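*Asks:* Have a look at this one.
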Amino acid sequence: MEMTKKGVFYGVGIGPGDPELLTLKAVRVLESCHVIAAPQTKSEQMLALDIASAAVDLSNKEIVPLFFTMERDKERQRAAHLEAADRLEVYLADGQDVAMLNLGDVSIYATYSYLMEIFKERGYETVMIPGVPSFCAVAARLGESLTEMNTPLHILPAGAVPLSEALSMSGTKVLMKSGKRLHEVADALDRQGLLSHAKMVKNCGLPDERVCTDLYAQESAGYFATIIVKE
């Protein structure tokens, strides 16, 4: 009896927001996969799907919404990852390739990586399709290079690192997911004498994109706020 060939689990980086930043390879993979997995918020928004749909016709695809908790509790996160993997395994076991959308690049703070490890353990082939990282798009939007020769580049999750320690490192600092701690970040930058060196872009590549050069002037910033500190 011939066994059904297992499907491939693709992680597709779709860039930070501008549909024109999808790579040709990302477009090709999305066109070839019948099943598209898309992260969904509690309000049922699927931002990654909206971005990808503006670059690729996904009208005839099977869309599988996936909900991932934003809580820091590792057990709850693991449970959400396993639940998502179980939903997608139905298709993979049937021989269908699945493409999971991921904002930015699929290797940087990517939810795909957790599911990838689960499917590797279960014996499935996994493939990562890189995308334009949000901080690279932010640098381009600001018209600035991130580094020069021999200059270090530090990519930091602003909500999960000691700011004073992080900001004392030499080189360019990229503070991702900065929105919820915006005023705290501004205070830390001010204490280090770096406030005038910091610029922020909110929702880079999206219709409501905004460049901010005065962090204290901002009442708040959402999840997709990236600060670049270049000395």
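Naming scheme: A, B, ... for chains in displayed order of the structure tokens; residues 1 onward per chain; ligands 1 onward as shown.
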Using only C-alpha atoms, which protein or nucleic acid residues come within 6 Å of A:Leu66? Drop anything in the same chain fewer than 2 positions from it, and give the result as a ChimeraX atom specification.
*Replies:* /A:38-40
*Asks:* I need the chosen residues saved as a PDB file, in the first residue's frame, with C-alpha atoms.
*Replies:*
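Dumped to result-v4.pdb:
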ATOM      1  CA  ALA A  38      -2.548  33.146   9.279  1.00  0.00           C
ATOM      2  CA  PRO A  39      -2.138  34.436  12.843  1.00  0.00           C
ATOM      3  CA  GLN A  40      -5.308  36.064  14.159  1.00  0.00           C
TER       4      GLN A  40
END
*Asks:* Which residues are close to A:Val8, i.e. within 7 Å by only C-alpha atoms, leaving aside same-chain residues fewer than 6 positions away? Reply as a list in words.
*Replies:* Leu92, Asp97, Val98, Tyr124, Glu125 and Thr126 of chain A
*Asks:* Kindly save the residues from that selection, with N, CA, C and O atoms included, as a PDB file, in the first residue's frame.
*Replies:*
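Resulting contents of selection_24.pdb:
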ATOM      1  N   LEU A  92      -1.020  18.591   6.591  1.00  0.00           N
ATOM      2  CA  LEU A  92       0.306  18.050   6.271  1.00  0.00           C
ATOM      3  C   LEU A  92       0.262  16.534   6.161  1.00  0.00           C
ATOM      4  O   LEU A  92       0.888  15.948   5.260  1.00  0.00           O
ATOM      5  N   ASP A  97       0.847  20.881   1.282  1.00  0.00           N
ATOM      6  CA  ASP A  97       1.812  21.848   1.803  1.00  0.00           C
ATOM      7  C   ASP A  97       1.064  22.988   2.489  1.00  0.00           C
ATOM      8  O   ASP A  97      -0.006  23.403   2.042  1.00  0.00           O
ATOM      9  N   VAL A  98       1.649  23.487   3.565  1.00  0.00           N
ATOM     10  CA  VAL A  98       1.047  24.578   4.332  1.00  0.00           C
ATOM     11  C   VAL A  98       2.042  25.730   4.426  1.00  0.00           C
ATOM     12  O   VAL A  98       3.219  25.521   4.751  1.00  0.00           O
ATOM     13  N   TYR A 124       8.148  16.018   9.987  1.00  0.00           N
ATOM     14  CA  TYR A 124       7.753  16.739   8.778  1.00  0.00           C
ATOM     15  C   TYR A 124       8.902  17.615   8.271  1.00  0.00           C
ATOM     16  O   TYR A 124       9.730  18.096   9.051  1.00  0.00           O
ATOM     17  N   GLU A 125       8.904  17.838   6.963  1.00  0.00           N
ATOM     18  CA  GLU A 125       9.887  18.757   6.380  1.00  0.00           C
ATOM     19  C   GLU A 125       9.433  20.187   6.603  1.00  0.00           C
ATOM     20  O   GLU A 125       8.258  20.513   6.424  1.00  0.00           O
ATOM     21  N   THR A 126      10.366  21.038   7.002  1.00  0.00           N
ATOM     22  CA  THR A 126      10.059  22.454   7.212  1.00  0.00           C
ATOM     23  C   THR A 126      11.010  23.302   6.371  1.00  0.00           C
ATOM     24  O   THR A 126      12.177  22.967   6.221  1.00  0.00           O
TER      25      THR A 126
END
*Asks:* For each of A:Ala85, A:Met46, A:Ile108, A:Leu30, take the minimum atom-to-atom distance to A:Lys120, counting only C-alpha atoms, then give the residue where this is smallest.
*Replies:*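 Of A:Ala85, A:Met46, A:Ile108, A:Leu30, the one nearest A:Lys120 is A:Ala85, counting only C-alpha atoms.
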*Asks:* For A:Tyr112, work out the shell of residues within 9 Å, counting only C-alpha atoms and skipping chain neighbours fewer than 5 positions away, then give it as a list in words.
*Replies:*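 My reading of the contact set: Tyr10, Gly11, Val12, Met100, Leu101, Asn102, Val106, Ser107, Glu117 and Met128 of chain A.
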*Asks:* For stretch 199-205 of chain A, find every residue with an atom within 7 Å (counting only C-alpha atoms), except residues of its own chain fewer than 5 positions away, and show them as a PyMOL selection string.
*Replies:* chain A and resi 16-18+138+210-213+221+224-229
*Asks:* Using only C-alpha atoms for the distances, tell me which of A:Leu82, A:Val185, A:Leu47, A:Val174 is nearest to A:Leu103.
*Replies:*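 The closest residue to A:Leu103 is A:Leu47.
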*Asks:* Using only C-alpha atoms, which protein or nucleic acid residues come within 12 Å of A:Tyr216? Drop anything in the same chain fewer than 3 positions from it, and give the result as a PDB file with C-alpha atoms, in the first residue's frame.
*Replies:*
ATOM      1  CA  ARG A 181       7.236  50.825  27.383  1.00  0.00           C
ATOM      2  CA  LEU A 182       7.619  53.974  25.307  1.00  0.00           C
ATOM      3  CA  HIS A 183       7.948  56.486  28.141  1.00  0.00           C
ATOM      4  CA  GLU A 184      10.170  54.127  30.108  1.00  0.00           C
ATOM      5  CA  VAL A 185      12.398  53.729  27.060  1.00  0.00           C
ATOM      6  CA  ALA A 186      12.484  57.522  26.570  1.00  0.00           C
ATOM      7  CA  ASP A 187      13.516  58.006  30.199  1.00  0.00           C
ATOM      8  CA  ALA A 188      16.297  55.432  29.850  1.00  0.00           C
ATOM      9  CA  LEU A 189      17.541  57.060  26.662  1.00  0.00           C
ATOM     10  CA  ASP A 190      17.497  60.471  28.336  1.00  0.00           C
ATOM     11  CA  LEU A 195      17.447  60.677  23.430  1.00  0.00           C
ATOM     12  CA  SER A 196      18.518  62.970  20.587  1.00  0.00           C
ATOM     13  CA  ALA A 198      16.705  57.988  18.823  1.00  0.00           C
ATOM     14  CA  LYS A 199      14.049  57.851  16.129  1.00  0.00           C
ATOM     15  CA  MET A 200      10.932  55.721  16.010  1.00  0.00           C
ATOM     16  CA  CYS A 212       8.515  60.066  15.342  1.00  0.00           C
ATOM     17  CA  THR A 213      11.644  61.983  16.303  1.00  0.00           C
ATOM     18  CA  GLU A 219       1.024  59.558  23.985  1.00  0.00           C
ATOM     19  CA  SER A 220       1.413  55.894  23.082  1.00  0.00           C
ATOM     20  CA  ALA A 221       2.695  53.580  20.412  1.00  0.00           C
TER      21      ALA A 221
END
*Asks:* Can you list, as a PyMOL selection string, every residue of stretch 102-141 of chain A that DSSP puts in alpha helix (DSSP H)?
*Replies:* chain A and resi 112-121+134-141
*Asks:* Please produce a file of those selected residues containing N, CA and C atoms, as a compact mmCIF listing (two decimals), in the first residue's frame.
*Replies:*
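Final file, selection_32.txt:
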# COMPACT_ATOMS: atom_id res chain seq x y z
N TYR A 112 6.51 31.30 13.94
CA TYR A 112 6.73 30.12 13.10
C TYR A 112 7.79 29.20 13.68
N SER A 113 8.81 29.78 14.30
CA SER A 113 9.93 28.97 14.78
C SER A 113 9.48 27.92 15.80
N TYR A 114 8.49 28.26 16.63
CA TYR A 114 8.00 27.32 17.63
C TYR A 114 7.28 26.15 16.97
N LEU A 115 6.44 26.47 15.98
CA LEU A 115 5.73 25.40 15.27
C LEU A 115 6.69 24.58 14.42
N MET A 116 7.70 25.23 13.88
CA MET A 116 8.70 24.53 13.08
C MET A 116 9.37 23.42 13.89
N GLU A 117 9.74 23.73 15.12
CA GLU A 117 10.39 22.73 15.96
C GLU A 117 9.44 21.59 16.29
N ILE A 118 8.17 21.90 16.50
CA ILE A 118 7.18 20.85 16.77
C ILE A 118 7.07 19.91 15.58
N PHE A 119 6.99 20.48 14.38
CA PHE A 119 6.83 19.64 13.19
C PHE A 119 8.10 18.87 12.85
N LYS A 120 9.25 19.44 13.15
CA LYS A 120 10.50 18.69 12.97
C LYS A 120 10.49 17.45 13.85
N GLU A 121 10.05 17.61 15.09
CA GLU A 121 9.98 16.48 16.01
C GLU A 121 8.99 15.43 15.54
N SER A 134 11.59 44.12 9.87
CA SER A 134 10.98 45.42 10.11
C SER A 134 12.02 46.51 10.36
N PHE A 135 13.09 46.18 11.08
CA PHE A 135 14.06 47.22 11.40
C PHE A 135 14.85 47.66 10.17
N CYS A 136 14.99 46.78 9.20
CA CYS A 136 15.63 47.19 7.94
C CYS A 136 14.72 48.15 7.16
N ALA A 137 13.43 47.85 7.18
CA ALA A 137 12.47 48.74 6.52
C ALA A 137 12.41 50.09 7.25
N VAL A 138 12.52 50.07 8.57
CA VAL A 138 12.52 51.32 9.35
C VAL A 138 13.73 52.17 9.00
N ALA A 139 14.90 51.54 8.93
CA ALA A 139 16.12 52.27 8.57
C ALA A 139 15.97 52.90 7.18
N ALA A 140 15.41 52.15 6.25
CA ALA A 140 15.20 52.67 4.90
C ALA A 140 14.22 53.84 4.92
N ARG A 141 13.17 53.71 5.75
CA ARG A 141 12.19 54.80 5.84
C ARG A 141 12.83 56.06 6.40
